[in-house]
file upload.cif (mmCIF, C-alpha atoms and all ligand atoms)
data_query
#
loop_
_atom_site.label_atom_id
_atom_site.label_comp_id
_atom_site.auth_asym_id
_atom_site.auth_seq_id
_atom_site.Cartn_x
_atom_site.Cartn_y
_atom_site.Cartn_z
CA MET A 1 -31.72 -118.74 36.13
CA GLY A 2 -32.89 -121.78 38.02
CA ILE A 3 -33.79 -120.22 41.33
CA LYS A 4 -35.89 -122.65 43.28
CA CYS A 5 -38.42 -122.63 46.05
CA GLY A 6 -38.84 -126.02 47.72
CA ILE A 7 -42.21 -127.18 49.03
CA VAL A 8 -41.46 -128.79 52.37
CA GLY A 9 -43.61 -130.29 55.12
CA LEU A 10 -44.76 -133.42 56.94
CA PRO A 11 -46.23 -136.24 54.82
CA ASN A 12 -49.80 -135.85 53.60
CA VAL A 13 -50.24 -132.17 54.45
CA GLY A 14 -51.04 -131.13 50.86
CA LYS A 15 -47.66 -130.42 49.28
CA SER A 16 -48.27 -132.28 46.03
CA THR A 17 -51.80 -130.92 45.78
CA LEU A 18 -50.36 -127.42 45.99
CA PHE A 19 -47.57 -128.27 43.57
CA ASN A 20 -50.02 -129.69 41.01
CA ALA A 21 -52.15 -126.61 41.23
CA LEU A 22 -49.10 -124.38 40.80
CA THR A 23 -47.84 -126.21 37.74
CA LYS A 24 -51.23 -126.68 36.06
CA ALA A 25 -51.89 -123.02 36.51
CA GLY A 26 -48.60 -122.57 34.69
CA ILE A 27 -49.86 -124.51 31.68
CA ALA A 28 -53.09 -122.55 31.66
CA ALA A 29 -51.33 -119.18 31.79
CA ALA A 30 -51.54 -117.69 28.31
CA ASN A 31 -48.47 -117.94 26.09
CA PHE A 32 -46.11 -118.96 28.83
CA PRO A 33 -43.57 -121.58 27.78
CA PHE A 34 -44.31 -124.01 30.56
CA CYS A 35 -41.80 -126.72 31.08
CA THR A 36 -41.48 -129.54 33.51
CA ILE A 37 -37.84 -130.16 34.20
CA GLU A 38 -38.28 -133.20 36.36
CA PRO A 39 -41.54 -134.78 37.39
CA ASN A 40 -41.36 -132.88 40.66
CA THR A 41 -40.00 -129.57 39.40
CA GLY A 42 -42.14 -127.02 37.61
CA VAL A 43 -41.51 -123.55 36.26
CA VAL A 44 -44.24 -121.18 37.41
CA PRO A 45 -44.85 -117.75 35.89
CA VAL A 46 -45.15 -114.86 38.36
CA PRO A 47 -48.55 -113.19 37.90
CA ASP A 48 -48.05 -109.45 37.60
CA PRO A 49 -50.95 -107.14 36.68
CA ARG A 50 -48.44 -104.41 35.80
CA LEU A 51 -47.53 -106.35 32.66
CA ASN A 52 -51.09 -105.94 31.38
CA GLN A 53 -51.08 -102.24 32.26
CA LEU A 54 -47.88 -101.76 30.27
CA ALA A 55 -49.29 -103.80 27.39
CA GLU A 56 -52.33 -101.54 27.15
CA ILE A 57 -50.01 -98.66 26.39
CA VAL A 58 -47.35 -100.38 24.28
CA LYS A 59 -49.61 -102.93 22.48
CA PRO A 60 -46.83 -105.51 22.11
CA GLN A 61 -47.04 -108.80 20.23
CA LYS A 62 -46.05 -110.75 23.31
CA LEU A 63 -46.18 -110.53 27.09
CA ILE A 64 -43.56 -112.43 29.02
CA PRO A 65 -43.68 -112.74 32.81
CA THR A 66 -40.82 -113.70 35.10
CA SER A 67 -40.80 -117.20 36.49
CA PHE A 68 -39.11 -119.44 38.98
CA GLU A 69 -39.11 -123.10 39.92
CA PHE A 70 -41.12 -124.87 42.56
CA VAL A 71 -39.88 -128.25 43.71
CA ASP A 72 -42.24 -130.77 45.30
CA ILE A 73 -40.16 -132.46 47.97
CA ALA A 74 -41.22 -135.73 49.60
CA GLY A 75 -42.69 -135.55 53.09
CA LEU A 76 -40.28 -135.48 55.97
CA VAL A 77 -40.71 -137.55 59.11
CA ALA A 78 -39.18 -137.24 62.55
CA GLY A 79 -35.78 -138.93 62.46
CA ALA A 80 -34.99 -137.92 58.87
CA SER A 81 -31.68 -136.45 59.97
CA LYS A 82 -30.82 -139.96 61.22
CA GLY A 83 -31.94 -141.57 57.98
CA GLU A 84 -35.64 -142.25 58.75
CA GLY A 85 -38.11 -142.06 55.88
CA LEU A 86 -36.31 -140.78 52.84
CA GLY A 87 -33.74 -139.36 55.23
CA ASN A 88 -30.69 -137.96 53.59
CA LYS A 89 -32.18 -137.99 50.12
CA PHE A 90 -34.94 -135.72 51.31
CA LEU A 91 -32.44 -133.42 52.99
CA ALA A 92 -30.29 -133.31 49.84
CA HIS A 93 -33.30 -132.07 47.88
CA ILE A 94 -33.84 -129.27 50.37
CA ARG A 95 -30.16 -128.37 50.26
CA GLU A 96 -30.55 -127.53 46.56
CA VAL A 97 -33.33 -124.97 46.93
CA ASP A 98 -32.89 -121.25 47.58
CA ALA A 99 -35.96 -120.80 49.75
CA ILE A 100 -38.53 -122.94 51.52
CA ALA A 101 -42.32 -122.89 51.33
CA HIS A 102 -43.26 -124.82 54.46
CA VAL A 103 -46.74 -126.31 54.05
CA VAL A 104 -48.57 -126.70 57.34
CA ARG A 105 -51.85 -128.51 57.72
CA CYS A 106 -54.40 -126.20 59.32
CA PHE A 107 -57.56 -128.22 58.78
CA GLU A 108 -59.44 -131.06 60.44
CA ASN A 109 -60.61 -133.99 58.33
CA ASP A 110 -60.66 -137.47 59.82
CA ASP A 111 -60.44 -139.04 56.36
CA ILE A 112 -57.03 -137.56 55.74
CA VAL A 113 -54.38 -139.17 57.86
CA HIS A 114 -52.04 -137.00 59.86
CA VAL A 115 -48.75 -138.73 60.68
CA ALA A 116 -48.93 -137.61 64.31
CA ASN A 117 -52.67 -138.36 64.55
CA LYS A 118 -53.48 -134.87 65.72
CA ILE A 119 -53.80 -131.47 64.08
CA ASP A 120 -51.21 -129.30 65.76
CA PRO A 121 -49.45 -127.02 63.29
CA ILE A 122 -46.95 -125.65 65.81
CA SER A 123 -45.81 -129.11 66.76
CA ASP A 124 -45.60 -129.95 63.03
CA ILE A 125 -43.42 -126.92 62.37
CA GLU A 126 -41.19 -127.86 65.29
CA THR A 127 -40.82 -131.44 64.03
CA ILE A 128 -39.57 -130.19 60.69
CA ASP A 129 -37.35 -127.49 62.19
CA THR A 130 -35.80 -130.00 64.58
CA GLU A 131 -34.87 -132.38 61.77
CA LEU A 132 -33.40 -129.62 59.68
CA ALA A 133 -31.51 -128.18 62.67
CA LEU A 134 -30.10 -131.63 63.51
CA ALA A 135 -28.89 -132.09 59.95
CA ASP A 136 -27.26 -128.64 60.12
CA LEU A 137 -25.69 -129.45 63.49
CA ASP A 138 -24.05 -132.44 61.86
CA SER A 139 -22.58 -130.30 59.05
CA VAL A 140 -21.49 -127.59 61.51
CA GLU A 141 -19.77 -130.01 63.87
CA LYS A 142 -17.75 -131.55 61.06
CA ALA A 143 -16.75 -128.13 59.76
CA LEU A 144 -15.90 -126.96 63.27
CA ASN A 145 -13.55 -129.92 63.84
CA ARG A 146 -11.77 -129.06 60.65
CA ALA A 147 -11.62 -125.34 61.44
CA GLU A 148 -10.22 -126.03 64.92
CA LYS A 149 -7.35 -128.06 63.50
CA GLU A 150 -6.62 -125.44 60.86
CA ALA A 151 -6.81 -122.65 63.42
CA LYS A 152 -4.25 -124.41 65.60
CA ALA A 153 -1.99 -124.62 62.59
CA GLY A 154 -2.20 -120.83 62.38
CA ASN A 155 -4.71 -120.38 59.53
CA LYS A 156 -6.26 -116.90 60.06
CA ASP A 157 -9.42 -117.62 58.05
CA ALA A 158 -9.99 -120.74 60.11
CA ILE A 159 -9.88 -118.68 63.32
CA VAL A 160 -12.77 -116.54 62.01
CA ARG A 161 -14.64 -119.59 60.74
CA LYS A 162 -14.20 -121.38 64.05
CA GLU A 163 -15.84 -118.53 65.93
CA VAL A 164 -18.88 -118.39 63.59
CA LEU A 165 -19.26 -122.17 63.62
CA ALA A 166 -19.08 -122.31 67.42
CA ARG A 167 -21.92 -119.79 67.62
CA LEU A 168 -23.93 -121.83 65.14
CA ARG A 169 -23.32 -125.03 67.06
CA ALA A 170 -24.49 -123.47 70.33
CA GLY A 171 -27.71 -122.22 68.70
CA LEU A 172 -28.48 -125.38 66.75
CA ASN A 173 -27.83 -127.46 69.86
CA GLU A 174 -30.71 -125.63 71.49
CA GLY A 175 -32.90 -126.32 68.48
CA THR A 176 -32.72 -122.75 67.15
CA CYS A 177 -32.70 -122.39 63.36
CA ALA A 178 -29.56 -120.82 61.91
CA ARG A 179 -31.63 -118.03 60.33
CA ALA A 180 -32.78 -116.98 63.82
CA LEU A 181 -29.25 -116.56 65.18
CA GLY A 182 -28.75 -113.05 63.87
CA LEU A 183 -25.79 -113.90 61.63
CA SER A 184 -24.29 -110.97 59.76
CA ALA A 185 -23.76 -111.03 56.01
CA GLU A 186 -20.04 -111.72 56.68
CA ASP A 187 -20.90 -114.62 59.00
CA LYS A 188 -23.17 -116.07 56.34
CA ALA A 189 -20.49 -115.78 53.70
CA VAL A 190 -18.13 -117.75 55.92
CA VAL A 191 -20.53 -120.72 56.08
CA ARG A 192 -22.00 -120.45 52.59
CA ASP A 193 -20.32 -123.66 51.43
CA LEU A 194 -22.25 -125.64 54.06
CA PHE A 195 -25.63 -124.87 52.41
CA LEU A 196 -27.28 -124.91 55.82
CA LEU A 197 -30.93 -125.93 55.64
CA THR A 198 -32.14 -123.71 58.46
CA LEU A 199 -30.40 -120.67 57.04
CA LYS A 200 -32.67 -120.62 53.99
CA PRO A 201 -35.51 -118.10 54.01
CA VAL A 202 -38.87 -119.63 54.91
CA MET A 203 -42.52 -118.79 54.42
CA TYR A 204 -45.46 -120.77 55.74
CA VAL A 205 -48.25 -121.96 53.48
CA ALA A 206 -51.19 -122.66 55.79
CA ASN A 207 -53.34 -125.27 54.06
CA VAL A 208 -56.96 -124.70 55.10
CA LEU A 209 -60.47 -125.82 54.09
CA ASP A 210 -62.64 -123.52 51.98
CA ASP A 211 -64.24 -122.13 55.16
CA GLY A 212 -60.98 -122.10 57.09
CA PHE A 213 -59.67 -118.63 56.27
CA GLU A 214 -61.36 -117.00 59.25
CA ASN A 215 -61.95 -118.12 62.83
CA ASN A 216 -59.43 -120.87 62.40
CA PRO A 217 -57.41 -121.35 65.60
CA HIS A 218 -54.82 -123.48 63.76
CA LEU A 219 -54.21 -120.67 61.30
CA ASP A 220 -54.04 -118.11 64.13
CA LYS A 221 -51.32 -120.13 65.84
CA VAL A 222 -49.25 -120.34 62.66
CA ARG A 223 -49.65 -116.59 62.19
CA ALA A 224 -48.48 -115.85 65.72
CA ARG A 225 -45.49 -118.12 65.32
CA ALA A 226 -44.55 -116.66 61.95
CA GLN A 227 -44.87 -113.12 63.24
CA ALA A 228 -42.44 -113.89 66.07
CA GLU A 229 -39.99 -115.16 63.44
CA GLY A 230 -40.60 -112.33 61.00
CA ALA A 231 -41.85 -114.83 58.40
CA GLN A 232 -44.83 -114.58 56.08
CA VAL A 233 -47.93 -116.80 56.17
CA VAL A 234 -49.99 -117.45 53.07
CA PRO A 235 -53.29 -119.15 53.85
CA VAL A 236 -54.56 -121.18 50.91
CA SER A 237 -56.78 -124.18 50.29
CA ALA A 238 -54.61 -126.50 48.23
CA ALA A 239 -57.61 -128.69 47.33
CA ILE A 240 -59.63 -125.74 45.99
CA GLU A 241 -56.63 -124.38 44.13
CA GLU A 242 -56.13 -127.73 42.45
CA GLU A 243 -59.78 -127.78 41.37
CA LEU A 244 -59.54 -124.20 40.15
CA SER A 245 -56.41 -124.93 38.15
CA GLN A 246 -58.27 -127.57 36.16
CA LEU A 247 -61.08 -125.26 35.06
CA GLU A 248 -61.32 -123.38 31.79
CA ASP A 249 -60.64 -119.64 32.10
CA ALA A 250 -64.32 -118.61 31.98
CA ASP A 251 -65.36 -121.21 34.55
CA ARG A 252 -62.52 -120.20 36.79
CA ALA A 253 -63.56 -116.55 36.68
CA GLU A 254 -67.12 -117.54 37.63
CA PHE A 255 -65.92 -119.78 40.47
CA LEU A 256 -63.72 -116.98 41.85
CA ALA A 257 -66.52 -114.43 41.57
CA GLU A 258 -68.84 -116.77 43.48
CA MET A 259 -66.28 -116.96 46.27
CA GLY A 260 -65.78 -113.21 46.18
CA LEU A 261 -62.13 -113.50 45.19
CA ALA A 262 -60.24 -111.37 42.69
CA GLU A 263 -57.68 -114.03 41.81
CA PRO A 264 -56.64 -117.56 42.76
CA GLY A 265 -54.92 -117.94 46.12
CA LEU A 266 -52.02 -119.49 44.25
CA ASN A 267 -51.02 -116.06 43.00
CA ARG A 268 -50.32 -115.06 46.58
CA VAL A 269 -48.19 -118.15 47.09
CA ILE A 270 -46.21 -117.40 43.94
CA ARG A 271 -45.66 -113.73 44.77
CA ALA A 272 -44.65 -114.51 48.33
CA GLY A 273 -42.20 -117.13 47.04
CA TYR A 274 -40.75 -114.63 44.61
CA ALA A 275 -40.21 -112.04 47.33
CA LEU A 276 -38.77 -114.71 49.63
CA LEU A 277 -36.13 -115.46 47.02
CA GLY A 278 -35.06 -111.81 47.27
CA MET A 279 -36.14 -111.04 43.74
CA GLN A 280 -37.47 -107.83 42.29
CA THR A 281 -38.85 -107.08 38.86
CA TYR A 282 -37.94 -104.59 36.18
CA PHE A 283 -39.53 -104.29 32.75
CA THR A 284 -38.55 -103.82 29.15
CA ALA A 285 -41.35 -102.41 27.03
CA GLY A 286 -40.95 -102.76 23.28
CA VAL A 287 -43.57 -103.33 20.59
CA LYS A 288 -42.24 -106.84 20.00
CA GLU A 289 -42.55 -107.79 23.62
CA VAL A 290 -43.29 -106.35 27.00
CA ARG A 291 -41.32 -108.40 29.41
CA ALA A 292 -40.71 -108.70 33.13
CA TRP A 293 -37.18 -109.56 34.27
CA GLN A 294 -36.02 -110.66 37.66
CA VAL A 295 -32.98 -109.41 39.43
CA LEU A 296 -31.81 -109.58 43.02
CA LYS A 297 -32.85 -106.62 45.14
CA GLY A 298 -30.01 -104.12 45.31
CA ALA A 299 -28.66 -104.97 41.83
CA THR A 300 -27.05 -102.17 39.82
CA ALA A 301 -28.10 -101.29 36.26
CA PRO A 302 -25.25 -103.31 34.64
CA GLN A 303 -26.12 -106.32 36.80
CA ALA A 304 -29.74 -106.00 35.71
CA ALA A 305 -28.60 -105.73 32.09
CA ALA A 306 -26.65 -108.99 32.46
CA VAL A 307 -29.94 -110.81 33.13
CA ILE A 308 -30.89 -110.12 29.49
CA HIS A 309 -27.46 -110.70 27.98
CA THR A 310 -23.89 -110.61 29.31
CA ASP A 311 -22.97 -108.29 26.37
CA PHE A 312 -25.37 -105.73 27.80
CA GLU A 313 -23.32 -105.73 30.98
CA LYS A 314 -19.89 -105.80 29.32
CA GLY A 315 -20.70 -102.95 26.95
CA PHE A 316 -23.00 -101.08 29.31
CA ILE A 317 -23.20 -97.35 28.59
CA ARG A 318 -26.36 -96.25 30.37
CA ALA A 319 -29.89 -97.24 31.24
CA GLU A 320 -32.76 -95.08 30.06
CA THR A 321 -35.00 -95.39 33.07
CA ILE A 322 -38.66 -94.61 33.67
CA ALA A 323 -40.31 -95.45 36.97
CA TYR A 324 -43.30 -97.76 36.46
CA ASP A 325 -45.79 -95.18 37.79
CA ASP A 326 -44.41 -92.50 35.46
CA PHE A 327 -44.62 -94.83 32.47
CA ILE A 328 -48.32 -95.41 33.22
CA LYS A 329 -49.08 -91.79 34.14
CA PHE A 330 -47.48 -90.33 31.01
CA LYS A 331 -48.75 -93.15 28.80
CA GLY A 332 -45.47 -94.53 27.62
CA GLU A 333 -41.90 -93.60 26.79
CA ALA A 334 -42.59 -90.55 24.60
CA GLY A 335 -44.89 -88.99 27.18
CA ALA A 336 -42.48 -89.69 30.03
CA ARG A 337 -39.60 -88.20 28.05
CA GLU A 338 -41.60 -85.03 27.31
CA ALA A 339 -42.51 -84.71 30.97
CA GLY A 340 -38.84 -84.99 31.89
CA ARG A 341 -39.38 -88.31 33.62
CA LEU A 342 -36.95 -90.33 31.55
CA ARG A 343 -33.67 -90.52 33.43
CA LEU A 344 -30.27 -91.49 32.07
CA GLU A 345 -28.74 -93.71 34.71
CA GLY A 346 -25.15 -94.91 34.84
CA LYS A 347 -23.19 -97.88 36.19
CA GLU A 348 -23.82 -97.10 39.85
CA TYR A 349 -27.59 -96.88 39.58
CA VAL A 350 -29.43 -99.31 41.86
CA VAL A 351 -32.46 -100.64 40.00
CA GLN A 352 -35.81 -99.94 41.66
CA GLU A 353 -38.83 -102.23 41.73
CA GLY A 354 -40.90 -101.78 38.55
CA ASP A 355 -38.38 -99.66 36.63
CA VAL A 356 -38.96 -99.67 32.88
CA LEU A 357 -35.46 -99.88 31.41
CA HIS A 358 -33.85 -99.50 28.04
CA PHE A 359 -30.17 -100.37 28.01
CA ARG A 360 -27.67 -98.57 25.79
CA PHE A 361 -24.58 -100.64 25.22
CA ASN A 362 -21.63 -100.99 22.93
CA VAL A 363 -19.76 -104.21 22.19
N1 LIG B 401 -57.09 -127.89 51.72
C1 LIG B 401 -57.42 -129.18 51.65
N2 LIG B 401 -58.67 -129.58 51.96
C2 LIG B 401 -59.01 -130.88 51.88
N3 LIG B 401 -58.19 -131.87 51.51
C3 LIG B 401 -56.93 -131.55 51.22
C4 LIG B 401 -56.49 -130.19 51.26
N4 LIG B 401 -55.18 -130.18 50.89
C5 LIG B 401 -54.84 -131.45 50.63
N5 LIG B 401 -55.88 -132.29 50.82
C6 LIG B 401 -55.87 -133.75 50.66
O1 LIG B 401 -54.86 -134.28 51.50
C7 LIG B 401 -54.29 -135.45 50.94
C8 LIG B 401 -52.78 -135.38 50.93
O2 LIG B 401 -52.37 -134.40 49.98
P1 LIG B 401 -50.97 -134.50 49.21
O3 LIG B 401 -50.82 -135.77 48.52
O4 LIG B 401 -50.91 -133.26 48.42
O5 LIG B 401 -49.95 -134.44 50.43
P2 LIG B 401 -48.36 -134.41 50.42
O6 LIG B 401 -47.98 -133.41 51.45
O7 LIG B 401 -47.83 -134.22 49.06
O8 LIG B 401 -48.00 -135.87 50.94
P3 LIG B 401 -46.60 -136.68 50.78
O9 LIG B 401 -45.68 -136.10 51.79
O10 LIG B 401 -47.01 -138.06 51.15
O11 LIG B 401 -46.14 -136.54 49.39
C9 LIG B 401 -54.92 -135.59 49.55
O12 LIG B 401 -55.98 -136.53 49.66
C10 LIG B 401 -55.46 -134.20 49.28
O13 LIG B 401 -56.56 -134.22 48.41
MG MG B 402 -46.47 -135.42 47.90
#

call {"tool": "encode", "arguments": {"input": "upload.cif", "output": "structure tokens"}}
result
Amino acid sequence: MGIKCGIVGLPNVGKSTLFNALTKAGIAAANFPFCTIEPNTGVVPVPDPRLNQLAEIVKPQKLIPTSFEFVDIAGLVAGASKGEGLGNKFLAHIREVDAIAHVVRCFENDDIVHVANKIDPISDIETIDTELALADLDSVEKALNRAEKEAKAGNKDAIVRKEVLARLRAGLNEGTCARALGLSAEDKAVVRDLFLLTLKPVMYVANVLDDGFENNPHLDKVRARAQAEGAQVVPVSAAIEEELSQLEDADRAEFLAEMGLAEPGLNRVIRAGYALLGMQTYFTAGVKEVRAWQVLKGATAPQAAAVIHTDFEKGFIRAETIAYDDFIKFKGEAGAREAGRLRLEGKEYVVQEGDVLHFRFNV
């Protein structure tokens, strides 16, 4: 489907280290068809323990997770919106992604240069936000000029657009990100064609040292800031994750056990990215394969069917539906059916997280 999460941040904060760990972990993940699309784009499978639970019941030949793309974007510097550093090229790369993982350095280490020569994650976040907001302001001002002319000429759509754009300009002028301006879904639709950078959903990846998960004032500040914005923070040590990703499975398990962890921190980054993209998962559970599929939250059964094949949507009759918990509790389809937990859902059904679906269709 090509949904993408861009890894964004100041130079040298650990973006590529995180990206390498994410993509190597992808190679290591059993039977996942890893592919690198461009040197800086990698498809990463979404770790989901529910797949293994389903497999224990169904005993399929294959297990296929969902996946999405991470893009390693070059570091941004102050002035990028005016062409500094990689400038517009950098911004164009961000424009193409659907969500942003903003990597923030939350560790001290004099050997690793910080572009501002001090560790101050809030100031780092503001530097990035300012550049993105300035780039958006530029787009909004151009669009506003156009809308004003069209509105004068009596174009009704332009009158609506003008009002939304004026609100955006006022906010961006004060350095507020577009996503924090409380735009309605209709407002967003009006400015969709501008691909505003600060309208994209954001999560923070706080890059820490191995002992930096607790009592870390830098991390605390990022958490407070994110909470005020309603954003998520995933603390992770990119350096450790990269090391972990290079180990054999058995060694990795030992390493994690020694650190008292159940799974690599990367898994949290991947899951948070997946949720940030607005995705949810449903399953198909056949003996050939048990597979996770991704669909936007709020999708109806035919829309979910289209993810597998457009014919499934066109000829949709119904979806035999078992909630994930029921499938596990009654040990599979037959048990769930007997217990009366298999539902026949029609075209209007809104797919729920974890649903195990079997589509009936006719083409
Ligand atoms: N958690 C960490 N602990 C210690 N060192 C780290 C950590 N994360 C990253 N580093 C180190 O920081 C340096 C910069 O990392 P990296 O190259 O990933 O940054 P970057 O954000 O991709 O930079 P650029 O914007 O220049 O591409 C590397 O030497 C890396 O090993
Ligand atoms: Mg890099």

call {"tool": "closest_atom_pairs", "arguments": {"input": "upload.cif", "of": "chain A", "to": "ligand MG 402 (chain B)", "cutoff": "7 Å", "atoms": "all atoms listed in the file", "output": "JSON lines"}}
result
{"residue": "A:Pro11", "atom": "CA", "partner": "B:MG402", "partner_atom": "MG", "distance": 7.0}
{"residue": "A:Asn12", "atom": "CA", "partner": "B:MG402", "partner_atom": "MG", "distance": 6.6}
{"residue": "A:Gly14", "atom": "CA", "partner": "B:MG402", "partner_atom": "MG", "distance": 6.9}
{"residue": "A:Lys15", "atom": "CA", "partner": "B:MG402", "partner_atom": "MG", "distance": 5.3}
{"residue": "A:Ser16", "atom": "CA", "partner": "B:MG402", "partner_atom": "MG", "distance": 4.1}
{"residue": "A:Asp72", "atom": "CA", "partner": "B:MG402", "partner_atom": "MG", "distance": 6.8}
{"residue": "A:Ile73", "atom": "CA", "partner": "B:MG402", "partner_atom": "MG", "distance": 7.0}
{"residue": "A:Ala74", "atom": "CA", "partner": "B:MG402", "partner_atom": "MG", "distance": 5.5}
{"residue": "A:Gly75", "atom": "CA", "partner": "B:MG402", "partner_atom": "MG", "distance": 6.4}

call {"tool": "residues_near_ligand", "arguments": {"input": "upload.cif", "ligand": "ligand LIG 401 (chain B)", "cutoff": "8 Å", "atoms": "all atoms listed in the file", "output": "ChimeraX atom specification"}}
result
/A:9-19,72-76,103,105,107,109,112-113,207-210,236-240

call {"tool": "atom_distance", "arguments": {"input": "upload.cif", "atom1": "CA of Met279 in chain A", "atom2": "CA of Leu296 in chain A"}}
result
4.6 Å

call {"tool": "closest_residue", "arguments": {"input": "upload.cif", "among": "A:Leu168, A:Ala158, A:Cys5, A:Leu22", "to": "Phe68 in chain A", "atoms": "only C-alpha atoms"}}
result
A:Cys5

call {"tool": "atom_distance", "arguments": {"input": "upload.cif", "atom1": "CA of Asp136 in chain A", "atom2": "CA of Glu150 in chain A"}}
result
20.9 Å

call {"tool": "residues_around", "arguments": {"input": "upload.cif", "residues": "Val202 in chain A", "least_positions_apart": "6", "cutoff": "7 Å", "atoms": "all atoms listed in the file", "output": "list in words"}}
result
Ala99, Ile100, Ala101, His102 and Ala231 of chain A

call {"tool": "closest_atom_pairs", "arguments": {"input": "upload.cif", "of": "range 256-301 of chain A", "to": "range 324-348 of chain A", "cutoff": "12 Å", "atoms": "all atoms listed in the file", "output": "tab-separated table"}}
result
residue	atom	partner	partner_atom	distance
A:Thr281	CA	A:Tyr324	CA	10.6
A:Tyr282	CA	A:Tyr324	CA	8.7
A:Phe283	CA	A:Tyr324	CA	8.4
A:Thr284	CA	A:Tyr324	CA	10.6
A:Ala285	CA	A:Glu333	CA	8.8
A:Gly286	CA	A:Glu333	CA	9.9
A:Val287	CA	A:Gly332	CA	11.4
A:Ala292	CA	A:Tyr324	CA	11.7
A:Gly298	CA	A:Glu348	CA	10.8
A:Ala299	CA	A:Glu348	CA	9.4
A:Thr300	CA	A:Glu348	CA	6.0
A:Ala301	CA	A:Lys347	CA	6.0

call {"tool": "closest_residue", "arguments": {"input": "upload.cif", "among": "A:Asp251, A:Glu242, A:Glu126, A:Glu320", "to": "Thr23 in chain A", "atoms": "all atoms listed in the file"}}
result
A:Glu242
